[in-house]
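Have a look at model.txt below; it lists compact mmCIF, C-alpha atoms.
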# COMPACT_ATOMS: atom_id res chain seq x y z
CA MET A 1 0.00 0.00 0.00
CA LYS A 2 2.95 2.36 0.43
CA ASP A 3 2.30 5.44 -1.78
CA ALA A 4 -0.05 3.33 -3.93
CA THR A 5 -2.97 5.72 -3.41
CA ALA A 6 -3.54 9.42 -2.92
CA ILE A 7 -6.08 11.86 -1.58
CA VAL A 8 -7.03 14.04 -4.54
CA GLY A 9 -10.09 15.91 -3.31
CA ILE A 10 -11.31 17.43 -0.06
CA GLY A 11 -14.52 19.21 0.86
CA GLN A 12 -16.25 20.68 3.87
CA THR A 13 -19.34 22.61 4.84
CA PRO A 14 -19.28 25.64 7.11
CA PHE A 15 -18.81 24.88 10.81
CA ALA A 16 -21.16 26.30 13.43
CA ARG A 17 -22.83 25.55 16.73
CA GLN A 18 -26.07 25.13 14.79
CA LEU A 19 -26.70 24.57 11.07
CA PRO A 20 -30.23 24.16 9.64
CA GLU A 21 -29.47 21.35 7.19
CA SER A 22 -29.77 17.65 8.02
CA GLU A 23 -26.71 15.46 8.49
CA LYS A 24 -27.51 13.78 5.16
CA THR A 25 -27.61 17.12 3.34
CA LEU A 26 -24.37 18.25 4.95
CA ALA A 27 -22.70 14.96 4.01
CA CYS A 28 -23.74 15.24 0.38
CA ARG A 29 -22.53 18.83 0.16
CA ALA A 30 -19.11 17.92 1.56
CA ILE A 31 -18.79 14.90 -0.76
CA LEU A 32 -19.80 16.81 -3.89
CA THR A 33 -17.36 19.59 -2.99
CA ALA A 34 -14.56 17.03 -2.57
CA LEU A 35 -15.36 15.40 -5.92
CA ASP A 36 -15.39 18.78 -7.63
CA ASP A 37 -12.07 19.58 -5.97
CA ALA A 38 -10.67 16.40 -7.52
CA GLY A 39 -12.32 16.93 -10.90
CA ILE A 40 -14.11 13.57 -10.68
CA ALA A 41 -17.77 12.98 -11.56
CA PRO A 42 -20.00 11.51 -8.84
CA SER A 43 -20.96 8.68 -11.22
CA GLU A 44 -17.37 7.38 -11.01
CA VAL A 45 -17.52 6.79 -7.25
CA ASP A 46 -17.55 3.06 -6.47
CA GLY A 47 -16.25 2.98 -2.87
CA PHE A 48 -17.38 4.46 0.43
CA ALA A 49 -16.04 4.46 3.98
CA SER A 50 -17.56 6.09 7.03
CA TYR A 51 -17.91 5.81 10.80
CA THR A 52 -20.29 3.40 12.51
CA MET A 53 -21.63 6.47 14.31
CA GLU A 54 -22.56 8.10 10.99
CA GLU A 55 -26.32 8.58 10.87
CA THR A 56 -26.52 8.50 7.06
CA ASP A 57 -25.49 5.24 5.39
CA GLU A 58 -23.78 4.66 2.05
CA VAL A 59 -27.04 3.58 0.40
CA GLU A 60 -28.59 7.00 0.94
CA ILE A 61 -25.39 8.83 0.12
CA ALA A 62 -24.79 6.90 -3.11
CA LYS A 63 -28.31 7.62 -4.35
CA SER A 64 -28.22 11.25 -3.36
CA VAL A 65 -24.87 12.18 -4.91
CA GLY A 66 -25.43 10.08 -8.05
CA ALA A 67 -22.76 7.40 -7.58
CA GLY A 68 -22.50 4.48 -9.98
CA ASP A 69 -22.32 0.81 -9.02
CA VAL A 70 -20.60 0.57 -5.64
CA THR A 71 -18.15 -2.30 -5.17
CA PHE A 72 -16.68 -1.47 -1.75
CA PHE A 73 -18.11 -0.02 1.46
CA SER A 74 -16.99 -0.16 5.07
CA LYS A 75 -17.64 1.40 8.45
CA VAL A 76 -15.18 1.99 11.27
CA GLY A 77 -16.09 2.03 14.94
CA TYR A 78 -15.08 3.90 18.09
CA GLY A 79 -16.08 7.43 17.22
CA GLY A 80 -13.05 9.64 16.75
CA GLY A 81 -10.80 6.59 16.60
CA GLY A 82 -12.19 5.82 13.16
CA SER A 83 -11.24 8.97 11.25
CA CYS A 84 -7.94 7.92 9.68
CA ALA A 85 -9.14 4.33 9.31
CA THR A 86 -11.82 5.40 6.82
CA VAL A 87 -9.08 6.63 4.49
CA ALA A 88 -6.96 3.56 5.25
CA HIS A 89 -9.82 1.25 4.27
CA LEU A 90 -10.33 3.10 1.01
CA ALA A 91 -6.60 3.06 0.30
CA ALA A 92 -6.55 -0.72 0.79
CA ALA A 93 -9.60 -1.15 -1.42
CA VAL A 94 -8.20 0.98 -4.23
CA ALA A 95 -4.73 -0.57 -3.99
CA THR A 96 -6.21 -4.08 -4.31
CA GLY A 97 -8.65 -3.27 -7.08
CA GLN A 98 -11.86 -3.45 -5.02
CA ALA A 99 -12.67 0.16 -5.93
CA THR A 100 -11.32 2.89 -8.20
CA VAL A 101 -12.73 6.09 -6.67
CA GLY A 102 -13.35 6.04 -2.94
CA VAL A 103 -15.05 8.64 -0.76
CA ALA A 104 -14.76 8.91 3.02
CA TRP A 105 -16.88 11.35 4.99
CA ARG A 106 -18.16 12.43 8.38
CA SER A 107 -21.29 14.47 8.94
CA ARG A 108 -22.30 15.44 12.44
CA LYS A 109 -24.75 17.73 14.21
CA ARG A 110 -23.28 17.58 17.68
CA GLY A 111 -23.58 21.30 18.29
CA SER A 112 -27.36 21.31 17.92
CA GLY A 113 -27.98 17.63 18.67
CA ALA A 114 -28.46 15.61 21.84
CA ARG A 115 -25.68 14.32 24.07
CA PRO A 116 -25.51 10.52 23.72
CA TRP A 117 -24.83 9.90 27.41
CA LYS A 118 -28.13 11.57 28.36
CA ASN A 119 -30.14 8.67 26.91
CA THR A 120 -31.07 6.61 29.95
CA ALA A 121 -33.55 4.39 28.09
CA VAL A 122 -30.84 2.33 26.41
CA GLN A 123 -29.09 -0.44 28.33
CA LEU A 124 -25.45 0.39 28.92
CA PRO A 125 -22.77 -1.74 27.25
CA THR A 126 -21.01 -3.99 29.75
CA PRO A 127 -17.92 -1.78 30.32
CA ALA A 128 -20.08 1.27 30.98
CA GLN A 129 -22.05 -0.61 33.62
CA TRP A 130 -18.91 -0.49 35.75
CA THR A 131 -18.25 3.24 35.24
CA ARG A 132 -21.40 5.26 34.58
CA PRO A 133 -23.14 4.53 37.92
CA PHE A 134 -20.06 5.86 39.71
CA GLY A 135 -19.93 9.20 37.93
CA LEU A 136 -17.89 8.64 34.76
CA LEU A 137 -20.74 9.80 32.57
CA ARG A 138 -18.97 11.69 29.79
CA PRO A 139 -15.77 11.31 27.80
CA ALA A 140 -14.50 14.39 29.67
CA ASP A 141 -14.85 12.52 32.97
CA GLU A 142 -12.90 9.52 31.68
CA ILE A 143 -10.11 11.59 30.16
CA GLY A 144 -10.08 13.70 33.32
CA MET A 145 -9.09 10.56 35.23
CA LEU A 146 -6.27 9.78 32.81
CA ALA A 147 -5.12 13.39 32.94
CA ARG A 148 -4.96 13.37 36.73
CA ARG A 149 -2.93 10.17 36.72
CA TYR A 150 -0.59 11.63 34.08
CA MET A 151 -0.09 14.73 36.21
CA HIS A 152 0.58 12.59 39.29
CA GLU A 153 3.04 10.19 37.67
CA TYR A 154 4.97 12.50 35.34
CA GLY A 155 4.60 16.00 36.71
CA ALA A 156 2.42 17.39 33.96
CA THR A 157 0.71 20.64 34.89
CA ARG A 158 -2.17 22.75 33.67
CA ASP A 159 0.41 24.99 32.01
CA HIS A 160 1.30 22.08 29.73
CA PHE A 161 -2.34 21.58 28.80
CA PHE A 162 -2.60 25.33 28.20
CA ASN A 163 0.29 25.08 25.73
CA VAL A 164 -1.81 22.69 23.67
CA ALA A 165 -4.96 24.78 23.86
CA LEU A 166 -3.05 27.93 22.95
CA ALA A 167 -1.31 26.41 19.92
CA CYS A 168 -4.63 25.21 18.52
CA ARG A 169 -6.35 28.52 19.22
CA ASN A 170 -3.51 30.50 17.63
CA ARG A 171 -3.89 28.51 14.43
CA ALA A 172 -7.69 28.90 14.47
CA ASN A 173 -7.21 32.65 14.78
CA GLN A 174 -5.62 32.48 11.31
CA ASN A 175 -8.34 30.29 9.79
CA PRO A 176 -11.51 32.07 8.62
CA ALA A 177 -13.37 28.73 8.54
CA ALA A 178 -12.66 28.02 12.22
CA MET A 179 -15.32 28.53 14.87
CA MET A 180 -12.70 30.30 17.00
CA TYR A 181 -11.44 32.56 14.21
CA GLU A 182 -10.25 35.90 15.60
CA ARG A 183 -11.10 34.81 19.15
CA PRO A 184 -7.77 34.83 21.04
CA LEU A 185 -7.07 32.77 24.14
CA THR A 186 -4.95 34.04 27.03
CA ARG A 187 -3.42 32.24 29.96
CA GLU A 188 -5.64 34.18 32.36
CA MET A 189 -8.76 33.12 30.43
CA TYR A 190 -7.61 29.51 30.57
CA MET A 191 -6.65 29.45 34.24
CA THR A 192 -9.90 31.08 35.40
CA ALA A 193 -12.25 29.12 33.13
CA ARG A 194 -14.96 26.94 34.65
CA TRP A 195 -14.29 23.27 35.26
CA ILE A 196 -15.84 20.69 32.97
CA SER A 197 -14.33 17.68 34.73
CA GLU A 198 -11.40 18.61 36.95
CA PRO A 199 -8.53 18.89 36.01
CA LEU A 200 -10.10 19.71 32.61
CA CYS A 201 -11.47 23.21 32.21
CA LEU A 202 -13.62 24.63 29.42
CA PHE A 203 -10.64 25.19 27.11
CA ASP A 204 -9.33 21.64 27.56
CA ASN A 205 -12.44 20.34 25.79
CA CYS A 206 -13.25 20.25 22.10
CA LEU A 207 -15.98 22.31 20.50
CA GLU A 208 -19.58 21.24 19.89
CA THR A 209 -20.02 21.48 16.14
CA ASP A 210 -22.43 20.99 13.26
CA GLY A 211 -20.69 20.30 9.97
CA ALA A 212 -19.39 17.73 7.48
CA LEU A 213 -16.17 16.89 5.66
CA ALA A 214 -15.12 14.44 2.96
CA CYS A 215 -12.14 13.32 0.93
CA VAL A 216 -11.57 11.36 -2.30
CA VAL A 217 -9.03 8.55 -2.67
CA VAL A 218 -7.76 7.14 -5.99
CA SER A 219 -4.73 5.22 -7.21
CA ALA A 220 -1.40 6.99 -7.47
CA ASP A 221 -1.50 6.55 -11.26
CA ARG A 222 -4.86 8.23 -11.58
CA ALA A 223 -3.94 10.91 -9.07
CA ARG A 224 -1.47 12.44 -11.49
CA ASP A 225 -4.34 13.34 -13.84
CA CYS A 226 -6.61 14.88 -11.21
CA ARG A 227 -7.30 18.57 -10.74
CA ARG A 228 -5.29 19.07 -7.54
CA ARG A 229 -1.83 18.16 -6.38
CA PRO A 230 -2.03 14.61 -4.99
CA VAL A 231 -1.25 13.83 -1.36
CA TYR A 232 -0.03 10.25 -1.08
CA VAL A 233 -1.04 7.79 1.62
CA HIS A 234 2.44 6.62 2.55
CA ALA A 235 1.39 4.46 5.52
CA ALA A 236 -1.67 3.74 7.61
CA ALA A 237 -2.42 1.84 10.80
CA GLN A 238 -5.10 0.95 13.31
CA GLY A 239 -4.41 0.20 16.96
CA LEU A 240 -6.23 -1.75 19.68
CA PRO A 241 -3.89 -2.76 22.52
CA ALA A 242 -4.25 -5.97 24.50
CA GLN A 243 -6.76 -5.81 27.36
CA HIS A 244 -7.94 -2.38 26.27
CA HIS A 245 -10.93 -0.89 28.07
CA GLY A 246 -12.37 2.21 26.46
CA MET A 247 -10.90 5.56 27.40
CA VAL A 248 -10.02 4.60 30.94
CA ASN A 249 -7.82 1.64 29.93
CA TYR A 250 -8.29 0.02 33.37
CA TRP A 251 -6.99 -3.43 32.57
CA ASN A 252 -3.66 -2.50 30.99
CA ASP A 253 -0.48 -2.77 33.04
CA ASP A 254 -0.01 0.94 32.28
CA PRO A 255 -3.28 2.81 31.61
CA LEU A 256 -1.30 5.69 30.10
CA THR A 257 0.07 3.45 27.34
CA GLY A 258 -2.96 3.74 25.10
CA PRO A 259 -3.89 2.77 21.54
CA ALA A 260 -1.46 5.34 20.07
CA TRP A 261 1.41 3.08 21.07
CA THR A 262 -0.03 0.12 19.16
CA ALA A 263 -0.97 2.17 16.10
CA GLY A 264 2.35 4.03 16.16
CA GLN A 265 4.47 0.90 16.18
CA HIS A 266 2.55 -0.52 13.23
CA LEU A 267 2.61 2.78 11.33
CA TRP A 268 6.38 3.28 11.48
CA LYS A 269 7.03 -0.40 10.75
CA ASN A 270 5.35 0.04 7.37
CA ALA A 271 6.87 3.43 6.50
CA ASP A 272 10.13 4.61 4.97
CA LEU A 273 10.02 7.56 7.38
CA CYS A 274 10.36 8.03 11.14
CA PRO A 275 8.98 10.61 13.59
CA GLN A 276 11.96 12.91 13.01
CA ASP A 277 10.94 13.17 9.34
CA VAL A 278 7.49 14.61 10.09
CA ASP A 279 7.21 18.29 9.17
CA VAL A 280 3.75 18.94 10.60
CA ALA A 281 1.24 16.92 12.61
CA GLN A 282 -2.52 16.88 12.99
CA ILE A 283 -3.02 15.07 16.30
CA TYR A 284 -6.47 14.28 17.63
CA ASP A 285 -7.38 16.83 20.27
CA ALA A 286 -10.80 16.17 21.71
CA PHE A 287 -9.08 16.98 25.02
CA THR A 288 -5.73 18.69 25.60
CA PRO A 289 -4.11 15.79 27.55
CA LEU A 290 -4.47 13.56 24.50
CA ILE A 291 -1.73 15.55 22.78
CA PRO A 292 1.15 14.73 25.16
CA LEU A 293 -0.03 11.12 25.38
CA SER A 294 -0.05 10.89 21.58
CA LEU A 295 3.34 12.58 21.23
CA GLU A 296 4.74 9.76 23.33
CA GLY A 297 2.78 6.99 21.63
CA TYR A 298 3.85 8.04 18.13
CA GLY A 299 7.49 8.32 19.13
CA PHE A 300 8.17 12.07 19.16
CA CYS A 301 9.49 11.83 22.72
CA GLY A 302 10.03 9.30 25.49
CA ARG A 303 7.58 7.93 28.04
CA GLY A 304 6.43 10.69 30.36
CA GLU A 305 8.08 13.41 28.25
CA GLY A 306 5.01 14.54 26.30
CA ALA A 307 4.10 17.37 28.64
CA ALA A 308 7.60 18.86 28.61
CA PHE A 309 7.63 18.52 24.80
CA THR A 310 4.94 21.23 24.61
CA GLU A 311 7.15 23.86 26.25
CA GLY A 312 8.92 26.74 24.51
CA GLY A 313 6.47 27.07 21.63
CA ALA A 314 7.23 23.57 20.34
CA LEU A 315 3.72 23.17 18.91
CA GLU A 316 3.61 26.56 17.19
CA ILE A 317 4.62 27.38 13.62
CA GLY A 318 8.42 27.33 13.64
CA GLY A 319 8.50 25.00 16.67
CA ARG A 320 9.70 21.41 16.96
CA LEU A 321 6.39 20.02 15.69
CA PRO A 322 3.79 22.48 14.37
CA LEU A 323 0.44 21.07 15.39
CA ASN A 324 -3.21 21.18 14.30
CA THR A 325 -2.66 24.03 11.93
CA GLY A 326 -6.33 24.59 11.16
CA GLY A 327 -7.20 24.83 14.86
CA GLY A 328 -8.09 21.17 15.44
CA GLY A 329 -11.05 19.92 17.42
CA LEU A 330 -10.31 22.40 20.18
CA SER A 331 -10.62 25.54 18.08
CA GLU A 332 -11.59 24.88 14.44
CA ALA A 333 -14.41 22.33 14.69
CA TYR A 334 -15.06 18.98 16.29
CA VAL A 335 -16.33 16.57 13.64
CA HIS A 336 -14.74 13.44 15.07
CA GLY A 337 -11.33 14.42 13.76
CA PHE A 338 -12.02 14.46 10.04
CA ASN A 339 -10.90 18.09 9.78
CA LEU A 340 -7.42 16.91 10.81
CA ILE A 341 -7.29 14.81 7.63
CA THR A 342 -8.35 17.65 5.36
CA GLU A 343 -5.94 20.04 7.09
CA GLY A 344 -3.11 17.56 6.52
CA VAL A 345 -3.96 17.58 2.83
CA LYS A 346 -3.98 21.39 2.78
CA GLN A 347 -0.54 21.51 4.40
CA LEU A 348 0.96 19.21 1.78
CA ARG A 349 -0.74 21.12 -1.02
CA GLY A 350 0.67 24.33 0.41
CA THR A 351 -2.77 25.90 0.89
CA SER A 352 -3.20 25.97 4.68
CA THR A 353 -4.11 29.23 6.39
CA ALA A 354 -1.16 28.53 8.73
CA GLN A 355 1.24 27.00 6.24
CA VAL A 356 4.39 25.28 7.47
CA PRO A 357 7.13 26.23 4.97
CA ASP A 358 8.11 23.40 2.63
CA ALA A 359 6.01 20.81 4.46
CA SER A 360 6.25 17.46 2.68
CA THR A 361 5.24 14.97 5.39
CA CYS A 362 2.28 15.06 7.76
CA LEU A 363 1.16 12.68 10.49
CA VAL A 364 -2.59 12.57 11.10
CA THR A 365 -3.97 10.68 14.10
CA ALA A 366 -7.39 9.63 15.30
CA GLY A 367 -8.71 9.54 18.84
CA GLU A 368 -6.30 8.45 21.54
CA GLY A 369 -7.97 6.61 24.40
CA VAL A 370 -10.18 4.54 22.09
CA PRO A 371 -9.25 2.00 19.41
CA THR A 372 -7.54 4.34 17.00
CA SER A 373 -5.94 4.87 13.60
CA ALA A 374 -3.32 7.01 11.93
CA LEU A 375 -2.11 8.15 8.50
CA LEU A 376 1.29 9.21 7.31
CA LEU A 377 0.81 11.51 4.33
CA ARG A 378 3.45 12.86 1.96
CA SER A 379 3.48 15.18 -1.01
Write the structure described by the file as structure tokens, please.
Amino acid sequence: MKDATAIVGIGQTPFARQLPESEKTLACRAILTALDDAGIAPSEVDGFASYTMEETDEVEIAKSVGAGDVTFFSKVGYGGGGSCATVAHLAAAVATGQATVGVAWRSRKRGSGARPWKNTAVQLPTPAQWTRPFGLLRPADEIGMLARRYMHEYGATRDHFFNVALACRNRANQNPAAMMYERPLTREMYMTARWISEPLCLFDNCLETDGALACVVVSADRARDCRRRPVYVHAAAQGLPAQHHGMVNYWNDDPLTGPAWTAGQHLWKNADLCPQDVDVAQIYDAFTPLIPLSLEGYGFCGRGEGAAFTEGGALEIGGRLPLNTGGGGLSEAYVHGFNLITEGVKQLRGTSTAQVPDASTCLVTAGEGVPTSALLLRS
């Protein structure tokens, strides 16, 4: 699969706390925009990949956008952990001849929709029966536990989490499409913000967003004839560690060694590159502590060194590893991480609103804390 396929089209709708259109309509708009970006007719699409949490299935999407006969379709579980895997599945399908033009998408109305954990009429899955009755109701509560343990074991502080929030907000301030465009964040604002689930404050948590995004995957040979500069899928991986248990990772010997470690080892094993070769990264940021944990899991620093890695502007443009250059889930939009994929493509096309000079490699990751996935993209 190495460099055998490329992302040749990307599309997105506006992002907002509330959009009037349905998730299906938003999905179709993002997909048609991505196909137009690639210069490919909808009738040529024969592959789809999406999240299991996607409300609109490929049958409805294929009819609505005018796809032809579809020969490959897949769904990936675990919410934000599935983002990069949708592209990976399409890349595998195209590379092996199961499809020729694949589309991955995510459409979500979380800003104006209901919170899934508020539904008390549905029986809890078995793992949740051991956590929800004791107060771990939301993802923020579960990650709050991991964050507190990380702080206790390795000396991470709220200043380190602020470094993450600030880097993402600074990039969103440059991005007119971001929900936090021209809305600066200061240390005082961060330190005095209300708690969501201590030690996580308001600015440690991702946005609530309505919106949709999509991308188009074709073979490397075909990519050369498409409208835009191709961005090659150099390597891809999924990761589910042994004895994993949701976000809290109770049963592992080390709960702080999450799915990023499994995905990272597999990713680099199948790549010609290493972490030191990455020019820019789009790392899943539903919560600020996920960034230092991911920096460690994907090999940018040693165990317990992720918090210190964020110091001295390391995540800013010009730093050691420019991060989430569109603003990420914390400050651009939270659509289960798909905007990290499209931003990675923009960086390697040279069209980002916060462009890293001469960027030619980009790591994109999905949700740490849940079974996850990652992409290594190159120009």
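With only C-alpha atoms taken into account, every residue lying no more than 12 Å from the file point (-27.6, 8.6, 8.9) is included here: Ser22, Glu23, Lys24, Thr25, Leu26, Ala27, Cys28, Ser50, Tyr51, Thr52, Met53, Glu54, Glu55, Thr56, Asp57, Glu58, Val59, Glu60, Ile61, Trp105, Arg106, Ser107, Arg108 and Lys109 of chain A.
When only C-alpha atoms are used to compute distances to Gly328 in chain A, the closest of the residues A:Ala359, A:Leu377, A:Val278, A:Ala167 turns out to be A:Ala167.
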Would you kindly return, as a ChimeraX atom specification, each protein, DNA or RNA residue with an atom no farther than 8 Å from any atom of Asn249 in chain A, considering all atoms listed in the file and excluding same-chain residues fewer than 5 positions away?
-> /A:243-244,255-256,258,369
At a cut-off of 10 Å, can you tabulate as CSV every residue of range 312-373 of chain A near range 297-305 of chain A together with its closest atom pair and the distance in Å to one decimal, using all atoms listed in the file and ordering rows by chain then number?
residue,atom,partner,partner_atom,distance
A:Arg320,CA,A:Phe300,CA,9.7
A:Leu321,CA,A:Phe300,CA,8.9
A:Leu363,CA,A:Tyr298,CA,9.3
A:Thr365,CA,A:Tyr298,CA,9.2
A:Glu368,CA,A:Gly297,CA,9.2
Same residues, C-alpha atoms, saved as a PDB file, in the frame of the given file:
ATOM      1  CA  ARG A 320       9.700  21.410  16.960  1.00  0.00           C
ATOM      2  CA  LEU A 321       6.390  20.020  15.690  1.00  0.00           C
ATOM      3  CA  LEU A 363       1.160  12.680  10.490  1.00  0.00           C
ATOM      4  CA  THR A 365      -3.970  10.680  14.100  1.00  0.00           C
ATOM      5  CA  GLU A 368      -6.300   8.450  21.540  1.00  0.00           C
TER       6      GLU A 368
END
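Using all atoms listed in the file, the smallest distance between any of A:Leu293, A:Ser83, A:Ala34, A:Ile40 and Tyr154 in chain A comes from A:Leu293.
Rounded to one decimal, CA of Gly326 in chain A and CA of Asn173 in chain A lie 8.9 Å from each other.
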Give the answer as one residue: which of A:Met179, A:Ile196, A:Leu340, A:Ala67 has the shortest atom-to-atom distance to Asp141 in chain A, using only C-alpha atoms?
-> A:Ile196
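Considering the residues A:Asn170, A:Ser112, A:Gln18, A:Asn270 and counting all atoms listed in the file, His234 in chain A has its shortest atom-to-atom contact with A:Asn270.
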Can you work out which one of A:Thr13, A:Ser360, A:Thr131, A:Thr288 has the shortest atom-to-atom distance to Phe161 in chain A, counting only C-alpha atoms?
-> A:Thr288
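We find CA of Leu32 in chain A and CA of Arg227 in chain A to be spaced 14.4 Å apart.
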Would you mind listing what lies within 9 Å of Leu315 in chain A as number ranges by chain, with all atoms listed in the file counted and same-chain residues fewer than 3 positions away left out?
-> A: 163-164, 167-168, 309-312, 318-324
Suppose you want the space between CA of Ala41 in chain A and CA of Ser74 in chain A; what is it in Å?
-> 21.2 Å
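You can rank A:Ser197, A:Thr5, A:Thr342, A:Thr33 by their closest distance to Ala88 in chain A using only C-alpha atoms, and at the top of that list sits A:Thr5.
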Quick one: everything within 10 Å of Ala260 in chain A, counting all atoms listed in the file, minus sequence neighbours fewer than 4 positions away in the same chain. Send it as a list in words.
-> Ala237, Gln238, Gly239, Leu240, Pro241, Gly264, Gln265, His266, Leu267, Leu290, Leu293, Ser294, Leu295, Glu296, Gly297, Tyr298, Gly299, Thr365, Ala366, Gly367, Glu368, Gly369, Val370, Pro371, Thr372, Ser373 and Ala374 of chain A
What lies within 12 Å of Gly11 in chain A using all atoms listed in the file, ignoring chain neighbours under 3 positions off, as an NGL selection string?
-> :A and (7-8 or 14 or 26-38 or 103-107 or 211-216 or 338-339 or 341-343 or 345-346)
Compile the contact shell of Met1 in chain A as a ChimeraX atom specification: residues with an atom at most 8 Å away, counting all atoms listed in the file, same-chain residues fewer than 5 positions apart removed.
-> /A:91-92,95,234-235
Please fill the gaps in range 12-18 of chain A so it has all heavy atoms, and write that as a JSON list (two decimals), keeping the file's coordinate frame.
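The result, stored in selection-v9.json:
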[["chain", "number", "residue", "atom", "x", "y", "z"],
["A", 12, "GLN", "N", -15.65, 20.46, 2.56],
["A", 12, "GLN", "CA", -16.25, 20.68, 3.87],
["A", 12, "GLN", "C", -17.38, 21.67, 3.76],
["A", 12, "GLN", "O", -17.45, 22.49, 2.83],
["A", 12, "GLN", "CB", -15.21, 21.18, 4.87],
["A", 12, "GLN", "CG", -14.67, 22.58, 4.58],
["A", 12, "GLN", "CD", -13.54, 22.97, 5.51],
["A", 12, "GLN", "OE1", -12.57, 22.23, 5.66],
["A", 12, "GLN", "NE2", -13.66, 24.14, 6.12],
["A", 13, "THR", "N", -18.29, 21.61, 4.71],
["A", 13, "THR", "CA", -19.34, 22.61, 4.84],
["A", 13, "THR", "C", -18.85, 23.68, 5.81],
["A", 13, "THR", "O", -17.78, 23.53, 6.43],
["A", 13, "THR", "CB", -20.61, 21.97, 5.42],
["A", 13, "THR", "OG1", -20.35, 21.58, 6.78],
["A", 13, "THR", "CG2", -21.04, 20.75, 4.62],
["A", 14, "PRO", "N", -19.60, 24.74, 5.99],
["A", 14, "PRO", "CA", -19.28, 25.64, 7.11],
["A", 14, "PRO", "C", -19.39, 24.89, 8.43],
["A", 14, "PRO", "O", -20.07, 23.87, 8.54],
["A", 14, "PRO", "CB", -20.35, 26.74, 7.00],
["A", 14, "PRO", "CG", -20.78, 26.70, 5.56],
["A", 14, "PRO", "CD", -20.70, 25.25, 5.16],
["A", 15, "PHE", "N", -18.73, 25.41, 9.46],
["A", 15, "PHE", "CA", -18.81, 24.88, 10.81],
["A", 15, "PHE", "C", -19.54, 25.89, 11.69],
["A", 15, "PHE", "O", -19.28, 27.09, 11.60],
["A", 15, "PHE", "CB", -17.42, 24.62, 11.40],
["A", 15, "PHE", "CG", -16.57, 23.69, 10.58],
["A", 15, "PHE", "CD1", -15.28, 24.05, 10.21],
["A", 15, "PHE", "CD2", -17.05, 22.45, 10.19],
["A", 15, "PHE", "CE1", -14.49, 23.19, 9.47],
["A", 15, "PHE", "CE2", -16.27, 21.58, 9.44],
["A", 15, "PHE", "CZ", -14.98, 21.95, 9.09],
["A", 16, "ALA", "N", -20.42, 25.40, 12.54],
["A", 16, "ALA", "CA", -21.16, 26.30, 13.43],
["A", 16, "ALA", "C", -21.73, 25.50, 14.58],
["A", 16, "ALA", "O", -21.77, 24.27, 14.55],
["A", 16, "ALA", "CB", -22.29, 27.00, 12.68],
["A", 17, "ARG", "N", -22.17, 26.21, 15.61],
["A", 17, "ARG", "CA", -22.83, 25.55, 16.73],
["A", 17, "ARG", "C", -24.17, 24.97, 16.27],
["A", 17, "ARG", "O", -24.64, 23.95, 16.79],
["A", 17, "ARG", "CB", -23.02, 26.52, 17.88],
["A", 17, "ARG", "CG", -23.57, 25.90, 19.15],
["A", 17, "ARG", "CD", -22.60, 24.92, 19.76],
["A", 17, "ARG", "NE", -23.13, 24.25, 20.93],
["A", 17, "ARG", "CZ", -22.87, 24.62, 22.18],
["A", 17, "ARG", "NH1", -22.09, 25.67, 22.42],
["A", 17, "ARG", "NH2", -23.37, 23.96, 23.20],
["A", 18, "GLN", "N", -24.79, 25.61, 15.28],
["A", 18, "GLN", "CA", -26.07, 25.13, 14.79],
["A", 18, "GLN", "C", -26.22, 25.46, 13.31],
["A", 18, "GLN", "O", -26.11, 26.62, 12.90],
["A", 18, "GLN", "CB", -27.23, 25.73, 15.58],
["A", 18, "GLN", "CG", -28.58, 25.17, 15.19],
["A", 18, "GLN", "CD", -29.67, 25.54, 16.19],
["A", 18, "GLN", "OE1", -29.44, 26.34, 17.09],
["A", 18, "GLN", "NE2", -30.84, 24.97, 16.04]]
